[in-house]
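**Student:** Quick one, protein_2.pdb (PDB, C-alpha atoms and all ligand atoms):
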ATOM      1  CA  MET I 121      85.830 198.828 163.850  1.00  0.00           C
ATOM      2  CA  ALA I 122      86.183 195.200 164.903  1.00  0.00           C
ATOM      3  CA  GLY I 123      87.856 192.947 162.354  1.00  0.00           C
ATOM      4  CA  SER I 124      86.428 189.576 161.411  1.00  0.00           C
ATOM      5  CA  VAL I 125      88.437 186.436 162.042  1.00  0.00           C
ATOM      6  CA  LYS I 126      88.360 183.626 159.531  1.00  0.00           C
ATOM      7  CA  VAL I 127      89.027 180.232 161.078  1.00  0.00           C
ATOM      8  CA  LEU I 128      90.682 177.867 158.644  1.00  0.00           C
ATOM      9  CA  LYS I 129      90.193 174.153 158.884  1.00  0.00           C
ATOM     10  CA  ARG I 130      93.482 172.363 159.304  1.00  0.00           C
ATOM     11  CA  PRO I 131      93.994 169.270 157.125  1.00  0.00           C
ATOM     12  CA  GLY I 132      93.341 166.089 159.056  1.00  0.00           C
ATOM     13  CA  THR I 133      95.727 163.187 159.399  1.00  0.00           C
ATOM     14  CA  GLU I 134      93.307 160.990 157.448  1.00  0.00           C
ATOM     15  CA  GLY I 135      94.007 162.901 154.163  1.00  0.00           C
ATOM     16  CA  SER I 136      95.759 161.140 151.298  1.00  0.00           C
ATOM     17  CA  TYR I 137      99.131 162.300 150.041  1.00  0.00           C
ATOM     18  CA  VAL I 138      98.626 160.544 146.694  1.00  0.00           C
ATOM     19  CA  ARG I 139      97.053 163.575 145.047  1.00  0.00           C
ATOM     20  CA  ALA I 140      99.824 165.940 146.168  1.00  0.00           C
ATOM     21  CA  ALA I 141     102.550 163.456 145.213  1.00  0.00           C
ATOM     22  CA  SER I 142     100.969 162.924 141.760  1.00  0.00           C
ATOM     23  CA  LYS I 143     100.823 166.654 141.221  1.00  0.00           C
ATOM     24  CA  GLY I 144     104.507 166.972 142.083  1.00  0.00           C
ATOM     25  CA  LEU I 145     105.440 164.123 139.758  1.00  0.00           C
ATOM     26  CA  GLY I 146     103.406 165.769 137.015  1.00  0.00           C
ATOM     27  CA  VAL I 147     105.576 168.882 137.278  1.00  0.00           C
ATOM     28  CA  THR I 148     108.722 166.714 137.141  1.00  0.00           C
ATOM     29  CA  LEU I 149     107.474 164.888 134.035  1.00  0.00           C
ATOM     30  CA  LYS I 150     106.557 168.150 132.344  1.00  0.00           C
ATOM     31  CA  HIS I 151     110.112 169.419 132.742  1.00  0.00           C
ATOM     32  CA  MET I 152     111.540 166.088 131.549  1.00  0.00           C
ATOM     33  CA  ILE I 153     109.757 166.119 128.206  1.00  0.00           C
ATOM     34  CA  ARG I 154     109.795 169.766 127.245  1.00  0.00           C
ATOM     35  CA  PRO I 155     113.018 171.264 125.883  1.00  0.00           C
ATOM     36  CA  TYR I 156     114.089 173.417 128.801  1.00  0.00           C
ATOM     37  CA  LYS I 157     117.423 175.039 128.174  1.00  0.00           C
ATOM     38  CA  VAL I 158     119.369 176.001 131.281  1.00  0.00           C
ATOM     39  CA  THR I 159     122.915 176.078 129.924  1.00  0.00           C
ATOM     40  CA  GLN I 160     124.174 178.961 127.875  1.00  0.00           C
ATOM     41  CA  GLN I 161     127.131 178.306 125.569  1.00  0.00           C
ATOM     42  CA  TYR I 162     129.202 181.305 126.646  1.00  0.00           C
ATOM     43  CA  PRO I 163     131.104 182.939 124.949  1.00  0.00           C
ATOM     44  CA  ASP I 164     129.357 181.852 121.726  1.00  0.00           C
ATOM     45  CA  GLU I 165     126.044 182.875 123.254  1.00  0.00           C
ATOM     46  CA  LYS I 166     125.586 185.944 125.410  1.00  0.00           C
ATOM     47  CA  TRP I 167     122.805 187.666 127.283  1.00  0.00           C
ATOM     48  CA  GLU I 168     121.366 190.809 125.847  1.00  0.00           C
ATOM     49  CA  LEU I 169     122.526 193.508 128.261  1.00  0.00           C
ATOM     50  CA  ALA I 170     120.320 196.245 129.679  1.00  0.00           C
ATOM     51  CA  PRO I 171     121.178 199.735 128.397  1.00  0.00           C
ATOM     52  CA  ARG I 172     121.598 200.924 132.000  1.00  0.00           C
ATOM     53  CA  LEU I 173     124.097 198.225 132.967  1.00  0.00           C
ATOM     54  CA  ARG I 174     127.061 199.934 134.597  1.00  0.00           C
ATOM     55  CA  GLY I 175     130.259 198.285 133.452  1.00  0.00           C
ATOM     56  CA  THR I 176     133.720 199.099 132.121  1.00  0.00           C
ATOM     57  CA  HIS I 177     134.350 202.824 131.687  1.00  0.00           C
ATOM     58  CA  ARG I 178     134.975 204.688 128.458  1.00  0.00           C
ATOM     59  CA  MET I 179     136.382 208.161 127.873  1.00  0.00           C
ATOM     60  CA  ALA I 180     134.677 210.185 125.134  1.00  0.00           C
ATOM     61  CA  VAL I 181     136.929 211.879 122.578  1.00  0.00           C
ATOM     62  CA  HIS I 182     136.805 214.937 120.332  1.00  0.00           C
ATOM     63  CA  GLU I 183     136.826 214.535 116.554  1.00  0.00           C
ATOM     64  CA  ASP I 184     140.614 214.885 116.537  1.00  0.00           C
ATOM     65  CA  GLY I 185     140.942 212.013 119.015  1.00  0.00           C
ATOM     66  CA  ARG I 186     141.707 214.083 122.130  1.00  0.00           C
ATOM     67  CA  ALA I 187     140.025 212.962 125.333  1.00  0.00           C
ATOM     68  CA  LYS I 188     137.119 215.199 126.316  1.00  0.00           C
ATOM     69  CA  CYS I 189     138.215 215.399 129.949  1.00  0.00           C
ATOM     70  CA  VAL I 190     139.031 218.950 131.025  1.00  0.00           C
ATOM     71  CA  GLY I 191     140.678 217.879 134.276  1.00  0.00           C
ATOM     72  CA  CYS I 192     138.088 219.604 136.463  1.00  0.00           C
ATOM     73  CA  GLY I 193     138.629 217.143 139.306  1.00  0.00           C
ATOM     74  CA  LEU I 194     134.961 216.473 140.000  1.00  0.00           C
ATOM     75  CA  CYS I 195     134.980 212.742 139.320  1.00  0.00           C
ATOM     76  CA  PRO I 196     137.938 211.881 141.600  1.00  0.00           C
ATOM     77  CA  THR I 197     136.324 214.073 144.265  1.00  0.00           C
ATOM     78  CA  VAL I 198     132.966 212.366 144.107  1.00  0.00           C
ATOM     79  CA  CYS I 199     134.260 208.802 143.676  1.00  0.00           C
ATOM     80  CA  PRO I 200     133.343 206.974 146.919  1.00  0.00           C
ATOM     81  CA  VAL I 201     136.205 204.481 146.679  1.00  0.00           C
ATOM     82  CA  ASN I 202     138.896 206.856 145.480  1.00  0.00           C
ATOM     83  CA  CYS I 203     139.760 204.806 142.413  1.00  0.00           C
ATOM     84  CA  ILE I 204     140.266 207.669 139.940  1.00  0.00           C
ATOM     85  CA  LYS I 205     143.699 209.226 139.607  1.00  0.00           C
ATOM     86  CA  LEU I 206     143.832 212.590 137.857  1.00  0.00           C
ATOM     87  CA  ILE I 207     146.721 214.927 137.228  1.00  0.00           C
ATOM     88  CA  PRO I 208     145.420 217.963 135.330  1.00  0.00           C
ATOM     89  CA  ALA I 209     147.483 220.219 133.115  1.00  0.00           C
ATOM     90  CA  GLU I 210     147.060 223.316 130.961  1.00  0.00           C
ATOM     91  CA  ASP I 211     148.130 223.697 127.340  1.00  0.00           C
ATOM     92  CA  GLU I 212     149.659 226.787 125.714  1.00  0.00           C
ATOM     93  CA  ASN I 213     146.166 228.206 125.056  1.00  0.00           C
ATOM     94  CA  GLY I 214     145.236 227.914 128.708  1.00  0.00           C
ATOM     95  CA  GLU I 215     142.933 224.945 128.107  1.00  0.00           C
ATOM     96  CA  ARG I 216     142.865 222.291 130.773  1.00  0.00           C
ATOM     97  CA  TYR I 217     143.245 218.613 130.041  1.00  0.00           C
ATOM     98  CA  ALA I 218     144.091 215.426 131.898  1.00  0.00           C
ATOM     99  CA  ALA I 219     147.820 214.776 131.754  1.00  0.00           C
ATOM    100  CA  ILE I 220     147.220 211.545 133.670  1.00  0.00           C
ATOM    101  CA  TYR I 221     143.824 209.948 134.083  1.00  0.00           C
ATOM    102  CA  GLU I 222     143.470 206.421 135.432  1.00  0.00           C
ATOM    103  CA  ILE I 223     140.612 204.346 136.782  1.00  0.00           C
ATOM    104  CA  ASP I 224     141.182 201.235 138.850  1.00  0.00           C
ATOM    105  CA  GLU I 225     138.321 199.087 137.569  1.00  0.00           C
ATOM    106  CA  PHE I 226     139.084 196.467 140.202  1.00  0.00           C
ATOM    107  CA  ARG I 227     138.363 198.898 143.024  1.00  0.00           C
ATOM    108  CA  CYS I 228     135.459 200.646 141.290  1.00  0.00           C
ATOM    109  CA  ILE I 229     132.000 199.832 142.613  1.00  0.00           C
ATOM    110  CA  PHE I 230     130.289 201.037 139.410  1.00  0.00           C
ATOM    111  CA  CYS I 231     128.113 203.522 141.238  1.00  0.00           C
ATOM    112  CA  GLY I 232     128.014 205.840 138.212  1.00  0.00           C
ATOM    113  CA  PHE I 233     128.711 209.049 140.170  1.00  0.00           C
ATOM    114  CA  CYS I 234     131.646 209.957 137.902  1.00  0.00           C
ATOM    115  CA  GLN I 235     129.453 209.770 134.819  1.00  0.00           C
ATOM    116  CA  GLU I 236     126.681 211.791 136.430  1.00  0.00           C
ATOM    117  CA  VAL I 237     128.951 214.529 137.743  1.00  0.00           C
ATOM    118  CA  CYS I 238     131.133 215.089 134.660  1.00  0.00           C
ATOM    119  CA  PRO I 239     130.336 218.576 133.279  1.00  0.00           C
ATOM    120  CA  VAL I 240     131.499 217.766 129.740  1.00  0.00           C
ATOM    121  CA  GLU I 241     130.159 214.190 129.474  1.00  0.00           C
ATOM    122  CA  ALA I 242     133.667 212.856 129.085  1.00  0.00           C
ATOM    123  CA  ILE I 243     133.743 209.843 131.367  1.00  0.00           C
ATOM    124  CA  HIS I 244     131.048 207.202 130.957  1.00  0.00           C
ATOM    125  CA  LEU I 245     130.376 203.805 132.339  1.00  0.00           C
ATOM    126  CA  GLY I 246     129.762 201.255 129.617  1.00  0.00           C
ATOM    127  CA  VAL I 247     127.479 198.365 128.769  1.00  0.00           C
ATOM    128  CA  HIS I 248     130.336 195.913 129.054  1.00  0.00           C
ATOM    129  CA  TYR I 249     131.521 193.319 131.565  1.00  0.00           C
ATOM    130  CA  GLU I 250     134.112 191.144 129.822  1.00  0.00           C
ATOM    131  CA  ASN I 251     137.241 192.594 131.383  1.00  0.00           C
ATOM    132  CA  ALA I 252     138.910 189.635 133.086  1.00  0.00           C
ATOM    133  CA  GLU I 253     142.671 190.025 133.460  1.00  0.00           C
ATOM    134  CA  TYR I 254     145.610 187.902 134.588  1.00  0.00           C
ATOM    135  CA  SER I 255     147.201 190.621 136.686  1.00  0.00           C
ATOM    136  CA  ARG I 256     145.995 193.238 139.163  1.00  0.00           C
ATOM    137  CA  GLU I 257     147.871 196.004 137.309  1.00  0.00           C
ATOM    138  CA  ARG I 258     145.938 195.403 134.096  1.00  0.00           C
ATOM    139  CA  TRP I 259     142.768 196.513 135.874  1.00  0.00           C
ATOM    140  CA  VAL I 260     144.092 200.071 136.049  1.00  0.00           C
ATOM    141  CA  TYR I 261     142.875 201.666 132.819  1.00  0.00           C
ATOM    142  CA  ASP I 262     144.865 204.675 131.647  1.00  0.00           C
ATOM    143  CA  LEU I 263     143.609 207.428 129.365  1.00  0.00           C
ATOM    144  CA  GLU I 264     144.802 205.733 126.202  1.00  0.00           C
ATOM    145  CA  ARG I 265     142.980 202.533 127.008  1.00  0.00           C
ATOM    146  CA  LEU I 266     139.838 204.331 128.123  1.00  0.00           C
ATOM    147  CA  THR I 267     139.647 206.264 124.848  1.00  0.00           C
ATOM    148  CA  GLU I 268     140.202 203.177 122.690  1.00  0.00           C
ATOM    149  CA  LEU I 269     137.234 201.192 124.021  1.00  0.00           C
ATOM    150  CA  GLU I 270     134.197 201.071 121.770  1.00  0.00           C
ATOM    151  CA  HIS I 271     131.337 199.485 123.694  1.00  0.00           C
ATOM    152  CA  PRO I 272     128.116 201.518 124.204  1.00  0.00           C
ATOM    153  CA  TYR I 273     127.886 204.115 126.949  1.00  0.00           C
ATOM    154  CA  THR I 274     125.638 203.344 129.895  1.00  0.00           C
ATOM    155  CA  ALA I 275     122.300 205.136 129.659  1.00  0.00           C
ATOM    156  CA  LEU I 276     121.636 207.331 132.669  1.00  0.00           C
ATOM    157  CA  TRP I 277     118.447 207.033 134.642  1.00  0.00           C
ATOM    158  CA  ASP I 278     115.898 209.568 133.453  1.00  0.00           C
ATOM    159  CA  PRO I 279     114.147 211.296 136.396  1.00  0.00           C
ATOM    160  CA  ALA I 280     111.294 212.216 134.039  1.00  0.00           C
ATOM    161  CA  ASP I 281     110.657 208.514 133.504  1.00  0.00           C
ATOM    162  CA  PRO I 282     111.359 206.838 136.878  1.00  0.00           C
ATOM    163  CA  THR I 283     110.206 203.386 135.747  1.00  0.00           C
ATOM    164  CA  SER I 284     112.436 203.322 132.671  1.00  0.00           C
ATOM    165  CA  GLN I 285     114.956 200.556 132.336  1.00  0.00           C
TER     166      GLN I 285
HETATM  167  S1  LIG I 301     131.644 204.364 139.002  1.00  0.00           S
HETATM  168 FE1  LIG I 301     131.722 205.158 141.098  1.00  0.00          FE
HETATM  169  S2  LIG I 301     133.316 203.954 142.080  1.00  0.00           S
HETATM  170 FE2  LIG I 301     133.595 203.695 139.865  1.00  0.00          FE
HETATM  171  S3  LIG I 301     135.053 205.250 139.252  1.00  0.00           S
HETATM  172 FE3  LIG I 301     133.016 206.127 138.980  1.00  0.00          FE
HETATM  173  S4  LIG I 301     132.585 207.207 140.909  1.00  0.00           S
HETATM  174 FE4  LIG I 301     134.289 205.798 141.302  1.00  0.00          FE
HETATM  175  S1  LIG I 302     134.472 215.022 135.831  1.00  0.00           S
HETATM  176 FE1  LIG I 302     134.825 214.788 133.625  1.00  0.00          FE
HETATM  177  S2  LIG I 302     136.047 216.558 133.048  1.00  0.00           S
HETATM  178 FE2  LIG I 302     136.138 216.424 135.288  1.00  0.00          FE
HETATM  179  S3  LIG I 302     138.015 215.267 135.702  1.00  0.00           S
HETATM  180 FE3  LIG I 302     136.330 213.795 135.587  1.00  0.00          FE
HETATM  181  S4  LIG I 302     136.253 213.072 133.466  1.00  0.00           S
HETATM  182 FE4  LIG I 302     137.500 214.946 133.528  1.00  0.00          FE
END
Would you give me this structure, written as structure tokens?
Ligand code: SF4
Ligand code: SF4

**Tutor:**
Amino acid sequence: MAGSVKVLKRPGTEGSYVRAASKGLGVTLKHMIRPYKVTQQYPDEKWELAPRLRGTHRMAVHEDGRAKCVGCGLCPTVCPVNCIKLIPAEDENGERYAAIYEIDEFRCIFCGFCQEVCPVEAIHLGVHYENAEYSRERWVYDLERLTELEHPYTALWDPADPTSQ
């Protein structure tokens, strides 16, 4: 089927620019008189964060305060940048736990694989971004620090609702 071609008339050189310039000035004036706030007074004011924002990690704990990690080794295996250090151990009852668990938040790319792969929902990314530090070492979060954080866990994407935020 042959398509139809629409020929557009090009504007001539005799046209006036006054109308276009007035329109542009009108937009400028509109922004001059209406209260248009572009500066946010951080840290007094903050954005409302999306529940799926992937930020600083948190380690979930049992009621007695023990970290939920069972030292399975899945998260350090799946981590694409190798920023999780895990040394697992076994207690007298034969239960596994993480003797050493560290995440280098500086190296982390916040992909969320660790959270998705954890079989006991122990490690979570968090809705949190305020983790500036003065030294590189402070970016390595150990188990104690990860369990003490209290910001909300990142909500995982729900495949049953692909458009969810
Ligand atoms: S979010 Fe991704 S990069 Fe960061 S620790 Fe987890 S698996 Fe590694
Ligand atoms: S996947 Fe979960 S249980 Fe396994 S080592 Fe990581 S945090 Fe621990």

**Student:** By how many Å are atom CA of Gly193 of chain I and atom CA of Ile207 of chain I apart?

**Tutor:**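 Pair atom CA of Gly193 of chain I / atom CA of Ile207 of chain I returns 8.6 Å.
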
**Student:** Which chain I residues have any atom within 12 Å of an atom of ligand LIG 302 (chain I), and for each, what is the nearest pair of atoms with distance in Å to one decimal, counting only C-alpha atoms and all ligand atoms, rows sorted by chain and number, as JSON lines?

**Tutor:**
{"residue": "I:His177", "atom": "CA", "partner": "I:LIG302", "partner_atom": "S4", "distance": 10.6}
{"residue": "I:Arg178", "atom": "CA", "partner": "I:LIG302", "partner_atom": "S4", "distance": 9.8}
{"residue": "I:Met179", "atom": "CA", "partner": "I:LIG302", "partner_atom": "S4", "distance": 7.4}
{"residue": "I:Ala180", "atom": "CA", "partner": "I:LIG302", "partner_atom": "S4", "distance": 9.0}
{"residue": "I:Val181", "atom": "CA", "partner": "I:LIG302", "partner_atom": "S4", "distance": 11.0}
{"residue": "I:Ala187", "atom": "CA", "partner": "I:LIG302", "partner_atom": "FE4", "distance": 8.8}
{"residue": "I:Lys188", "atom": "CA", "partner": "I:LIG302", "partner_atom": "S2", "distance": 7.0}
{"residue": "I:Cys189", "atom": "CA", "partner": "I:LIG302", "partner_atom": "FE4", "distance": 3.7}
{"residue": "I:Val190", "atom": "CA", "partner": "I:LIG302", "partner_atom": "S2", "distance": 4.3}
{"residue": "I:Gly191", "atom": "CA", "partner": "I:LIG302", "partner_atom": "S3", "distance": 4.0}
{"residue": "I:Cys192", "atom": "CA", "partner": "I:LIG302", "partner_atom": "FE2", "distance": 3.9}
{"residue": "I:Gly193", "atom": "CA", "partner": "I:LIG302", "partner_atom": "S3", "distance": 4.1}
{"residue": "I:Leu194", "atom": "CA", "partner": "I:LIG302", "partner_atom": "S1", "distance": 4.4}
{"residue": "I:Cys195", "atom": "CA", "partner": "I:LIG302", "partner_atom": "FE3", "distance": 4.1}
{"residue": "I:Pro196", "atom": "CA", "partner": "I:LIG302", "partner_atom": "FE3", "distance": 6.5}
{"residue": "I:Thr197", "atom": "CA", "partner": "I:LIG302", "partner_atom": "FE3", "distance": 8.7}
{"residue": "I:Val198", "atom": "CA", "partner": "I:LIG302", "partner_atom": "S1", "distance": 8.8}
{"residue": "I:Cys199", "atom": "CA", "partner": "I:LIG302", "partner_atom": "FE3", "distance": 9.7}
{"residue": "I:Cys203", "atom": "CA", "partner": "I:LIG302", "partner_atom": "FE3", "distance": 11.8}
{"residue": "I:Ile204", "atom": "CA", "partner": "I:LIG302", "partner_atom": "FE3", "distance": 8.5}
{"residue": "I:Lys205", "atom": "CA", "partner": "I:LIG302", "partner_atom": "S3", "distance": 9.2}
{"residue": "I:Leu206", "atom": "CA", "partner": "I:LIG302", "partner_atom": "S3", "distance": 6.8}
{"residue": "I:Ile207", "atom": "CA", "partner": "I:LIG302", "partner_atom": "S3", "distance": 8.8}
{"residue": "I:Pro208", "atom": "CA", "partner": "I:LIG302", "partner_atom": "S3", "distance": 7.9}
{"residue": "I:Ala209", "atom": "CA", "partner": "I:LIG302", "partner_atom": "S3", "distance": 11.0}
{"residue": "I:Glu215", "atom": "CA", "partner": "I:LIG302", "partner_atom": "S2", "distance": 11.9}
{"residue": "I:Arg216", "atom": "CA", "partner": "I:LIG302", "partner_atom": "S2", "distance": 9.2}
{"residue": "I:Tyr217", "atom": "CA", "partner": "I:LIG302", "partner_atom": "FE4", "distance": 7.7}
{"residue": "I:Ala218", "atom": "CA", "partner": "I:LIG302", "partner_atom": "FE4", "distance": 6.8}
{"residue": "I:Ala219", "atom": "CA", "partner": "I:LIG302", "partner_atom": "FE4", "distance": 10.5}
{"residue": "I:Ile220", "atom": "CA", "partner": "I:LIG302", "partner_atom": "S3", "distance": 10.1}
{"residue": "I:Tyr221", "atom": "CA", "partner": "I:LIG302", "partner_atom": "S3", "distance": 8.0}
{"residue": "I:Glu222", "atom": "CA", "partner": "I:LIG302", "partner_atom": "S4", "distance": 10.0}
{"residue": "I:Ile223", "atom": "CA", "partner": "I:LIG302", "partner_atom": "S4", "distance": 10.3}
{"residue": "I:Gly232", "atom": "CA", "partner": "I:LIG302", "partner_atom": "S1", "distance": 11.5}
{"residue": "I:Phe233", "atom": "CA", "partner": "I:LIG302", "partner_atom": "S1", "distance": 9.4}
{"residue": "I:Cys234", "atom": "CA", "partner": "I:LIG302", "partner_atom": "S1", "distance": 6.2}
{"residue": "I:Gln235", "atom": "CA", "partner": "I:LIG302", "partner_atom": "S1", "distance": 7.3}
{"residue": "I:Glu236", "atom": "CA", "partner": "I:LIG302", "partner_atom": "S1", "distance": 8.5}
{"residue": "I:Val237", "atom": "CA", "partner": "I:LIG302", "partner_atom": "S1", "distance": 5.9}
{"residue": "I:Cys238", "atom": "CA", "partner": "I:LIG302", "partner_atom": "S1", "distance": 3.5}
{"residue": "I:Pro239", "atom": "CA", "partner": "I:LIG302", "partner_atom": "FE1", "distance": 5.9}
{"residue": "I:Val240", "atom": "CA", "partner": "I:LIG302", "partner_atom": "S2", "distance": 5.8}
{"residue": "I:Glu241", "atom": "CA", "partner": "I:LIG302", "partner_atom": "FE1", "distance": 6.3}
{"residue": "I:Ala242", "atom": "CA", "partner": "I:LIG302", "partner_atom": "FE1", "distance": 5.1}
{"residue": "I:Ile243", "atom": "CA", "partner": "I:LIG302", "partner_atom": "S4", "distance": 4.6}
{"residue": "I:His244", "atom": "CA", "partner": "I:LIG302", "partner_atom": "S4", "distance": 8.2}
{"residue": "I:Leu245", "atom": "CA", "partner": "I:LIG302", "partner_atom": "S4", "distance": 11.0}
{"residue": "I:Leu263", "atom": "CA", "partner": "I:LIG302", "partner_atom": "S4", "distance": 10.1}
{"residue": "I:Leu266", "atom": "CA", "partner": "I:LIG302", "partner_atom": "S4", "distance": 10.9}
{"residue": "I:Thr267", "atom": "CA", "partner": "I:LIG302", "partner_atom": "S4", "distance": 11.5}

**Student:** Provide an axis-aligned box for all listed atoms of segment 215-226 of chain I, padding each side by 5 Å; report its centre and its edge lengths in Å to one decimal, as AutoDock Vina command-line options.

**Tutor:**
--center_x 143.1 --center_y 210.7 --center_z 134.2 --size_x 19.5 --size_y 38.5 --size_z 22.1

**Student:** Expressed in Å to a single decimal, how great is the separation between atom CA of Gly175 of chain I and atom CA of Phe230 of chain I?

**Tutor:** 6.6 Å

**Student:** For the PyMOL selection byres (((chain I and resi 274-285) around 7) and not hetatm), applied here, can you spell out every residue it catches as a CSV table (one decimal) with C-alpha atoms, in the coordinates of the input?

**Tutor:**
chain,number,residue,atom,x,y,z
I,171,PRO,CA,121.2,199.7,128.4
I,172,ARG,CA,121.6,200.9,132.0
I,173,LEU,CA,124.1,198.2,133.0
I,174,ARG,CA,127.1,199.9,134.6
I,244,HIS,CA,131.0,207.2,131.0
I,245,LEU,CA,130.4,203.8,132.3
I,246,GLY,CA,129.8,201.3,129.6
I,247,VAL,CA,127.5,198.4,128.8
I,272,PRO,CA,128.1,201.5,124.2
I,273,TYR,CA,127.9,204.1,126.9

**Student:** Rank nothing, just name the residue among I:Ile229, I:Ala252, I:Val260, I:Leu269 nearest to ligand LIG 301 (chain I), using all atoms listed in the file.

**Tutor:**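 That would be I:Ile229, the residue with the smallest distance to ligand LIG 301 (chain I).
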
**Student:** From the options I:Gly185, I:Leu149, I:Arg139, I:Gly144, which residue's atoms come nearest to Glu264 of chain I, counting all atoms listed in the file?

**Tutor:**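 Residue with the minimum atom-to-atom distance to Glu264 of chain I: I:Gly185.
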
**Student:** Nearest residue to Asn251 of chain I out of I:Ala141, I:Asp184, I:Phe226, I:Glu270, using only C-alpha atoms?

**Tutor:**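 Looking at the shortest contact to Asn251 of chain I, the residue is I:Phe226.
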
**Student:** How far is it from atom CA of Val201 of chain I to atom FE4 of ligand LIG 301 (chain I), in Å with one decimal?

**Tutor:** 5.9 Å

**Student:** Which is closer to ligand LIG 301 (chain I) than all the others in I:Thr176, I:Arg256, I:Glu210, I:Thr159, using all atoms listed in the file?

**Tutor:**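 Smallest distance to ligand LIG 301 (chain I) is found for I:Thr176.
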
**Student:** Point out the residue among I:Gly146, I:Gly214, I:Pro163, I:Pro200 with the least atom-to-atom distance to Arg227 of chain I, counting all atoms listed in the file.

**Tutor:** I:Pro200

**Student:** Compare I:Asn202, I:Arg258, I:Glu212, I:Lys166 by their minimum atom-to-atom distance to ligand LIG 301 (chain I), counting all atoms listed in the file, and give me the closest one.

**Tutor:**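 Counting all atoms listed in the file, the residue closest to ligand LIG 301 (chain I) is I:Asn202.
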